[in-house]
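Asks: If you scroll down you'll find the structure; I have some questions about it.
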Amino acid sequence: MNAKQALLAEYALIARALAAPARLMLLEQLAQGERGVEALAAKTGLSVANCSQHLQQLRRAGLVTGERRGKAVVYRLTDSGTLQILELIRDVAERNLATAEQIRRQLWDGETPPEPIGRDELEARLAEGTVTILDVRPEDEFAAGHIPGARHVSPARLEEMLAELEGKGGTGGALGEIVAYCRGPYCIYSDQAVRMLRARGLNSRQMRGGLPDWRAEGRAVETGPAGG
(Lines give C-alpha, C1' and ligand atoms only; values in the text may rest on other atoms or scores of the structure.)
Protein backbone atom coordinates (compact mmCIF):
# COMPACT_ATOMS: atom_id res chain seq x y z
CA MET A 1 0.00 0.00 0.00
CA ASN A 2 1.49 3.34 -1.05
CA ALA A 3 1.26 6.56 0.94
CA LYS A 4 -1.82 7.83 -0.87
CA GLN A 5 -3.68 4.55 -0.38
CA ALA A 6 -2.72 4.54 3.28
CA LEU A 7 -4.08 8.07 3.72
CA LEU A 8 -7.32 7.24 1.91
CA ALA A 9 -7.76 4.18 4.13
CA GLU A 10 -7.53 6.44 7.19
CA TYR A 11 -9.99 8.95 5.72
CA ALA A 12 -12.36 6.08 4.96
CA LEU A 13 -12.44 5.23 8.68
CA ILE A 14 -14.34 8.48 9.22
CA ALA A 15 -16.80 7.76 6.43
CA ARG A 16 -17.46 4.23 7.69
CA ALA A 17 -17.98 5.46 11.25
CA LEU A 18 -20.65 7.90 10.02
CA ALA A 19 -22.44 5.29 7.91
CA ALA A 20 -25.06 4.36 10.52
CA PRO A 21 -28.10 6.36 11.69
CA ALA A 22 -27.47 5.29 15.29
CA ARG A 23 -23.99 6.84 15.23
CA LEU A 24 -25.31 10.08 13.82
CA MET A 25 -27.80 10.18 16.69
CA LEU A 26 -25.01 9.59 19.19
CA LEU A 27 -22.92 12.41 17.72
CA GLU A 28 -25.94 14.72 17.86
CA GLN A 29 -26.35 13.91 21.55
CA LEU A 30 -22.67 14.35 22.34
CA ALA A 31 -22.77 17.73 20.61
CA GLN A 32 -25.06 18.85 23.47
CA GLY A 33 -22.48 17.82 26.08
CA GLU A 34 -20.57 14.89 27.49
CA ARG A 35 -22.55 11.80 28.52
CA GLY A 36 -22.08 8.26 29.76
CA VAL A 37 -23.18 5.16 27.89
CA GLU A 38 -26.35 4.63 29.92
CA ALA A 39 -27.52 8.22 29.38
CA LEU A 40 -26.77 8.00 25.65
CA ALA A 41 -28.63 4.70 25.37
CA ALA A 42 -31.69 6.21 27.09
CA LYS A 43 -31.60 9.29 24.85
CA THR A 44 -31.30 7.36 21.60
CA GLY A 45 -33.42 4.29 22.38
CA LEU A 46 -30.47 1.93 21.88
CA SER A 47 -29.59 -0.90 24.21
CA VAL A 48 -26.56 -0.20 26.40
CA ALA A 49 -24.58 -2.95 24.64
CA ASN A 50 -25.46 -1.67 21.16
CA CYS A 51 -24.75 1.91 22.19
CA SER A 52 -21.34 0.91 23.52
CA GLN A 53 -20.46 -0.86 20.27
CA HIS A 54 -21.37 2.20 18.19
CA LEU A 55 -19.34 4.45 20.49
CA GLN A 56 -16.30 2.23 20.03
CA GLN A 57 -16.63 2.65 16.25
CA LEU A 58 -16.78 6.42 16.66
CA ARG A 59 -13.84 6.33 19.05
CA ARG A 60 -11.69 4.29 16.65
CA ALA A 61 -12.41 6.89 13.97
CA GLY A 62 -11.27 9.67 16.31
CA LEU A 63 -14.69 11.37 16.36
CA VAL A 64 -15.24 10.90 20.10
CA THR A 65 -13.04 10.44 23.12
CA GLY A 66 -13.83 8.67 26.37
CA GLU A 67 -12.68 9.29 29.94
CA ARG A 68 -13.10 6.79 32.73
CA ARG A 69 -14.66 8.22 35.87
CA GLY A 70 -14.91 5.55 38.49
CA LYS A 71 -16.69 2.60 36.90
CA ALA A 72 -18.22 4.66 34.09
CA VAL A 73 -16.79 5.99 30.83
CA VAL A 74 -17.92 9.49 29.83
CA TYR A 75 -17.81 10.37 26.15
CA ARG A 76 -17.48 13.72 24.35
CA LEU A 77 -16.84 14.94 20.82
CA THR A 78 -13.14 15.09 20.02
CA ASP A 79 -13.44 18.58 18.51
CA SER A 80 -15.91 20.98 16.94
CA GLY A 81 -14.96 19.88 13.42
CA THR A 82 -17.49 17.07 13.79
CA LEU A 83 -20.27 19.70 13.92
CA GLN A 84 -19.22 20.88 10.47
CA ILE A 85 -19.28 17.32 9.14
CA LEU A 86 -22.79 16.74 10.47
CA GLU A 87 -24.10 19.93 8.86
CA LEU A 88 -22.40 19.16 5.55
CA ILE A 89 -23.95 15.68 5.44
CA ARG A 90 -27.39 17.22 5.91
CA ASP A 91 -26.83 19.90 3.28
CA VAL A 92 -25.46 17.54 0.63
CA ALA A 93 -28.19 14.97 1.26
CA GLU A 94 -30.98 17.53 0.91
CA ARG A 95 -29.44 18.95 -2.27
CA ASN A 96 -28.76 15.64 -3.98
CA LEU A 97 -31.12 13.05 -2.52
CA ALA A 98 -34.73 13.65 -3.52
CA THR A 99 -36.11 11.52 -0.69
CA ALA A 100 -34.20 13.49 1.97
CA GLU A 101 -35.56 16.76 0.62
CA GLN A 102 -39.10 15.35 0.43
CA ILE A 103 -38.99 14.17 4.04
CA ARG A 104 -37.75 17.59 5.18
CA ARG A 105 -40.49 19.38 3.25
CA GLN A 106 -43.12 17.14 4.83
CA LEU A 107 -42.29 18.87 8.13
CA TRP A 108 -43.57 22.06 6.48
CA ASP A 109 -46.63 20.51 4.80
CA GLY A 110 -44.93 20.93 1.44
CA GLU A 111 -44.22 24.64 1.90
CA THR A 112 -40.79 26.23 1.59
CA PRO A 113 -39.46 27.02 5.09
CA PRO A 114 -38.34 30.59 5.84
CA GLU A 115 -34.64 31.41 5.55
CA PRO A 116 -32.98 30.80 8.95
CA ILE A 117 -31.50 33.72 10.85
CA GLY A 118 -27.71 33.70 11.09
CA ARG A 119 -26.06 33.54 14.48
CA ASP A 120 -24.31 36.90 14.09
CA GLU A 121 -27.59 38.63 13.33
CA LEU A 122 -29.36 36.84 16.16
CA GLU A 123 -26.70 37.85 18.67
CA ALA A 124 -27.07 41.48 17.59
CA ARG A 125 -30.87 41.29 17.76
CA LEU A 126 -30.70 39.80 21.26
CA ALA A 127 -28.51 42.69 22.39
CA GLU A 128 -31.11 45.10 20.98
CA GLY A 129 -33.97 43.24 22.67
CA THR A 130 -35.90 42.92 19.40
CA VAL A 131 -36.28 39.17 19.35
CA THR A 132 -37.71 36.39 21.53
CA ILE A 133 -35.70 33.18 21.46
CA LEU A 134 -37.05 29.70 22.19
CA ASP A 135 -34.97 26.65 23.10
CA VAL A 136 -37.09 23.64 22.13
CA ARG A 137 -34.76 20.88 23.29
CA PRO A 138 -35.56 18.59 26.24
CA GLU A 139 -35.21 20.19 29.67
CA ASP A 140 -31.99 18.42 30.69
CA GLU A 141 -30.25 19.68 27.55
CA PHE A 142 -31.50 23.22 28.20
CA ALA A 143 -30.19 23.06 31.78
CA ALA A 144 -26.76 21.91 30.57
CA GLY A 145 -26.40 25.01 28.39
CA HIS A 146 -28.56 27.48 26.47
CA ILE A 147 -28.42 30.88 24.81
CA PRO A 148 -28.77 33.62 27.46
CA GLY A 149 -32.34 34.85 27.68
CA ALA A 150 -33.79 31.85 25.86
CA ARG A 151 -37.19 30.59 26.98
CA HIS A 152 -37.48 26.84 27.36
CA VAL A 153 -40.29 25.12 25.48
CA SER A 154 -40.35 21.38 26.12
CA PRO A 155 -41.07 19.31 22.98
CA ALA A 156 -43.70 17.43 24.99
CA ARG A 157 -45.54 20.70 25.75
CA LEU A 158 -44.97 22.40 22.43
CA GLU A 159 -48.62 22.92 21.51
CA GLU A 160 -49.51 24.25 24.98
CA MET A 161 -46.55 26.60 25.23
CA LEU A 162 -46.97 27.97 21.72
CA ALA A 163 -50.61 28.75 22.46
CA GLU A 164 -49.41 30.77 25.47
CA LEU A 165 -46.94 32.64 23.29
CA GLU A 166 -49.66 33.37 20.76
CA GLY A 167 -51.72 34.97 23.52
CA LYS A 168 -48.78 37.09 24.70
CA GLY A 169 -47.73 38.09 21.20
CA GLY A 170 -51.16 38.83 19.78
CA THR A 171 -51.54 41.16 16.85
CA GLY A 172 -49.41 43.79 18.50
CA GLY A 173 -46.26 41.70 18.16
CA ALA A 174 -45.17 42.28 21.77
CA LEU A 175 -42.72 39.40 21.50
CA GLY A 176 -41.08 40.74 18.34
CA GLU A 177 -39.75 38.13 15.96
CA ILE A 178 -39.66 34.67 17.56
CA VAL A 179 -36.60 32.55 16.83
CA ALA A 180 -36.44 28.86 17.73
CA TYR A 181 -33.36 26.65 17.93
CA CYS A 182 -32.66 23.06 18.94
CA ARG A 183 -29.81 20.55 18.79
CA GLY A 184 -28.42 21.15 15.32
CA PRO A 185 -28.85 20.03 11.69
CA TYR A 186 -30.70 16.77 12.45
CA CYS A 187 -33.12 18.10 15.06
CA ILE A 188 -36.70 18.73 13.91
CA TYR A 189 -38.11 20.35 17.06
CA SER A 190 -37.40 23.87 15.79
CA ASP A 191 -39.03 23.04 12.42
CA GLN A 192 -42.15 21.98 14.26
CA ALA A 193 -42.16 25.02 16.54
CA VAL A 194 -41.68 27.57 13.76
CA ARG A 195 -44.29 25.92 11.54
CA MET A 196 -46.82 26.03 14.40
CA LEU A 197 -46.04 29.65 15.23
CA ARG A 198 -46.31 30.77 11.62
CA ALA A 199 -49.59 28.90 11.27
CA ARG A 200 -50.85 31.09 14.14
CA GLY A 201 -49.79 34.22 12.28
CA LEU A 202 -46.72 34.92 14.42
CA ASN A 203 -43.47 36.13 12.89
CA SER A 204 -41.06 33.26 13.45
CA ARG A 205 -38.08 31.46 11.99
CA GLN A 206 -35.23 29.16 13.00
CA MET A 207 -31.69 29.94 13.99
CA ARG A 208 -29.12 28.57 11.58
CA GLY A 209 -27.46 25.64 13.34
CA GLY A 210 -28.06 24.69 16.95
CA LEU A 211 -26.78 25.37 20.44
CA PRO A 212 -23.53 23.40 19.80
CA ASP A 213 -22.67 25.66 16.84
CA TRP A 214 -23.42 28.79 18.88
CA ARG A 215 -21.20 27.55 21.72
CA ALA A 216 -18.37 26.40 19.39
CA GLU A 217 -18.08 29.97 18.08
CA GLY A 218 -17.32 31.22 21.58
CA ARG A 219 -20.66 32.93 22.15
CA ALA A 220 -22.15 33.27 25.62
CA VAL A 221 -24.00 30.26 27.07
CA GLU A 222 -25.92 30.01 30.34
CA THR A 223 -26.58 26.92 32.42
CA GLY A 224 -29.40 26.10 34.78
CA PRO A 225 -32.99 24.86 34.59
CA ALA A 226 -35.86 26.78 33.07
CA GLY A 227 -37.16 29.35 35.51
CA GLY A 228 -34.09 28.90 37.69
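Chains: A, B, ... in order of the C-alpha coordinates. Residues: from 1 per chain. Ligands: from 1, in order shown.
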Extract, using only C-alpha atoms, all DNA, RNA and protein residues at most 12 Å from Thr112 in chain A, discarding same-chain residues fewer than 6 positions from it, and format them as an NGL selection string.
Replies: :A and (101-102 or 104-106 or 191 or 195 or 205)
Asks: Quick one: residues within 7 Å of Met207 in chain A, only C-alpha atoms counted, chain neighbours fewer than 2 positions away excluded, as a PDB file with all heavy atoms, in the first residue's frame?
Replies:
ATOM      1  N   PRO A 116     -33.380  30.681   7.531  1.00  0.00           N
ATOM      2  CA  PRO A 116     -32.979  30.798   8.947  1.00  0.00           C
ATOM      3  C   PRO A 116     -32.244  32.107   9.212  1.00  0.00           C
ATOM      4  O   PRO A 116     -31.647  32.704   8.311  1.00  0.00           O
ATOM      5  CB  PRO A 116     -32.047  29.591   9.150  1.00  0.00           C
ATOM      6  CG  PRO A 116     -32.342  28.664   8.020  1.00  0.00           C
ATOM      7  CD  PRO A 116     -32.753  29.529   6.872  1.00  0.00           C
ATOM      8  N   ILE A 117     -32.258  32.532  10.453  1.00  0.00           N
ATOM      9  CA  ILE A 117     -31.503  33.715  10.853  1.00  0.00           C
ATOM     10  C   ILE A 117     -30.092  33.286  11.232  1.00  0.00           C
ATOM     11  O   ILE A 117     -29.892  32.274  11.910  1.00  0.00           O
ATOM     12  CB  ILE A 117     -32.194  34.434  12.042  1.00  0.00           C
ATOM     13  CG1 ILE A 117     -31.446  35.725  12.402  1.00  0.00           C
ATOM     14  CG2 ILE A 117     -32.306  33.531  13.257  1.00  0.00           C
ATOM     15  CD1 ILE A 117     -32.176  36.585  13.426  1.00  0.00           C
ATOM     16  N   GLY A 118     -29.095  34.016  10.755  1.00  0.00           N
ATOM     17  CA  GLY A 118     -27.712  33.704  11.088  1.00  0.00           C
ATOM     18  C   GLY A 118     -27.406  34.012  12.540  1.00  0.00           C
ATOM     19  O   GLY A 118     -28.059  34.839  13.187  1.00  0.00           O
ATOM     20  N   ARG A 119     -26.377  33.380  13.065  1.00  0.00           N
ATOM     21  CA  ARG A 119     -26.060  33.540  14.482  1.00  0.00           C
ATOM     22  C   ARG A 119     -25.508  34.939  14.798  1.00  0.00           C
ATOM     23  O   ARG A 119     -25.754  35.465  15.875  1.00  0.00           O
ATOM     24  CB  ARG A 119     -25.095  32.432  14.914  1.00  0.00           C
ATOM     25  CG  ARG A 119     -25.745  31.046  14.858  1.00  0.00           C
ATOM     26  CD  ARG A 119     -24.841  29.958  15.378  1.00  0.00           C
ATOM     27  NE  ARG A 119     -23.708  29.661  14.520  1.00  0.00           N
ATOM     28  CZ  ARG A 119     -23.755  28.858  13.456  1.00  0.00           C
ATOM     29  NH1 ARG A 119     -24.898  28.289  13.094  1.00  0.00           N
ATOM     30  NH2 ARG A 119     -22.662  28.619  12.733  1.00  0.00           N
ATOM     31  N   VAL A 179     -37.597  33.422  17.430  1.00  0.00           N
ATOM     32  CA  VAL A 179     -36.600  32.548  16.825  1.00  0.00           C
ATOM     33  C   VAL A 179     -36.472  31.290  17.670  1.00  0.00           C
ATOM     34  O   VAL A 179     -36.306  31.359  18.894  1.00  0.00           O
ATOM     35  CB  VAL A 179     -35.232  33.246  16.711  1.00  0.00           C
ATOM     36  CG1 VAL A 179     -34.164  32.277  16.198  1.00  0.00           C
ATOM     37  CG2 VAL A 179     -35.332  34.464  15.790  1.00  0.00           C
ATOM     38  N   ALA A 180     -36.559  30.144  17.027  1.00  0.00           N
ATOM     39  CA  ALA A 180     -36.439  28.860  17.726  1.00  0.00           C
ATOM     40  C   ALA A 180     -35.140  28.166  17.320  1.00  0.00           C
ATOM     41  O   ALA A 180     -34.697  28.274  16.180  1.00  0.00           O
ATOM     42  CB  ALA A 180     -37.630  27.964  17.413  1.00  0.00           C
ATOM     43  N   TYR A 181     -34.545  27.453  18.261  1.00  0.00           N
ATOM     44  CA  TYR A 181     -33.363  26.648  17.930  1.00  0.00           C
ATOM     45  C   TYR A 181     -33.444  25.339  18.700  1.00  0.00           C
ATOM     46  O   TYR A 181     -34.155  25.214  19.702  1.00  0.00           O
ATOM     47  CB  TYR A 181     -32.063  27.390  18.257  1.00  0.00           C
ATOM     48  CG  TYR A 181     -31.751  27.521  19.731  1.00  0.00           C
ATOM     49  CD1 TYR A 181     -31.022  26.546  20.414  1.00  0.00           C
ATOM     50  CD2 TYR A 181     -32.193  28.628  20.458  1.00  0.00           C
ATOM     51  CE1 TYR A 181     -30.736  26.672  21.761  1.00  0.00           C
ATOM     52  CE2 TYR A 181     -31.910  28.764  21.801  1.00  0.00           C
ATOM     53  CZ  TYR A 181     -31.173  27.779  22.457  1.00  0.00           C
ATOM     54  OH  TYR A 181     -30.903  27.894  23.797  1.00  0.00           O
ATOM     55  N   ARG A 205     -38.974  32.262  12.825  1.00  0.00           N
ATOM     56  CA  ARG A 205     -38.076  31.465  11.995  1.00  0.00           C
ATOM     57  C   ARG A 205     -37.050  30.772  12.878  1.00  0.00           C
ATOM     58  O   ARG A 205     -37.005  31.000  14.092  1.00  0.00           O
ATOM     59  CB  ARG A 205     -37.393  32.314  10.920  1.00  0.00           C
ATOM     60  CG  ARG A 205     -36.638  33.536  11.425  1.00  0.00           C
ATOM     61  CD  ARG A 205     -35.994  34.264  10.263  1.00  0.00           C
ATOM     62  NE  ARG A 205     -35.571  35.597  10.649  1.00  0.00           N
ATOM     63  CZ  ARG A 205     -34.598  36.266  10.039  1.00  0.00           C
ATOM     64  NH1 ARG A 205     -33.967  35.713   9.009  1.00  0.00           N
ATOM     65  NH2 ARG A 205     -34.268  37.482  10.436  1.00  0.00           N
ATOM     66  N   GLY A 209     -28.234  26.470  12.427  1.00  0.00           N
ATOM     67  CA  GLY A 209     -27.458  25.640  13.336  1.00  0.00           C
ATOM     68  C   GLY A 209     -28.177  25.463  14.662  1.00  0.00           C
ATOM     69  O   GLY A 209     -29.360  25.791  14.800  1.00  0.00           O
TER      70      GLY A 209
END
Asks: Could you find all residues in range 43-117 of chain A that DSSP calls strand (DSSP E) from the backbone, and write them as a ChimeraX atom specification?
Replies: /A:64-69,72-77
Asks: DSSP on the backbone: what in range 2-227 of chain A comes out helix (DSSP H, G or I), as number ranges by chain?
Replies: A: 3-18, 21-32, 37-44, 48-60, 81-96, 98-106, 119-128, 139-144, 155-169, 189-199, 211-216
Asks: Can you tell me which residues surround range 136-141 of chain A at a distance of at most 12 Å, considering only C-alpha atoms, apart from same-chain residues fewer than 3 positions away, and format the answer as a PyMOL selection string?
Replies: chain A and resi 28-35+39+43+133+144-147+150-159+161-162+179-184+187-194+206-207+210-212+222-228
Asks: Nearest to Leu18 in chain A among A:Arg59, A:Arg125, A:Arg208, A:Arg95, with distances taken over only C-alpha atoms: which residue is it?
Replies: A:Arg59
Asks: From the list A:Pro21, A:Gly81, A:Gly110, A:Gly176, which residue is nearest Thr44 in chain A when using only C-alpha atoms?
Replies: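 Closest to Thr44 in chain A of all the choices is A:Pro21.
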Asks: Distance CA of Phe142 in chain A-CA of Thr82 in chain A, one decimal place?
Replies: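 We find that CA of Phe142 in chain A and CA of Thr82 in chain A lie 21.0 Å from each other.
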Asks: Between CA of Glu94 in chain A and CA of Ala15 in chain A, what is the distance, to one decimal in Å?
Replies: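 Computing the Euclidean distance for CA of Glu94 in chain A and CA of Ala15 in chain A yields 18.1 Å.
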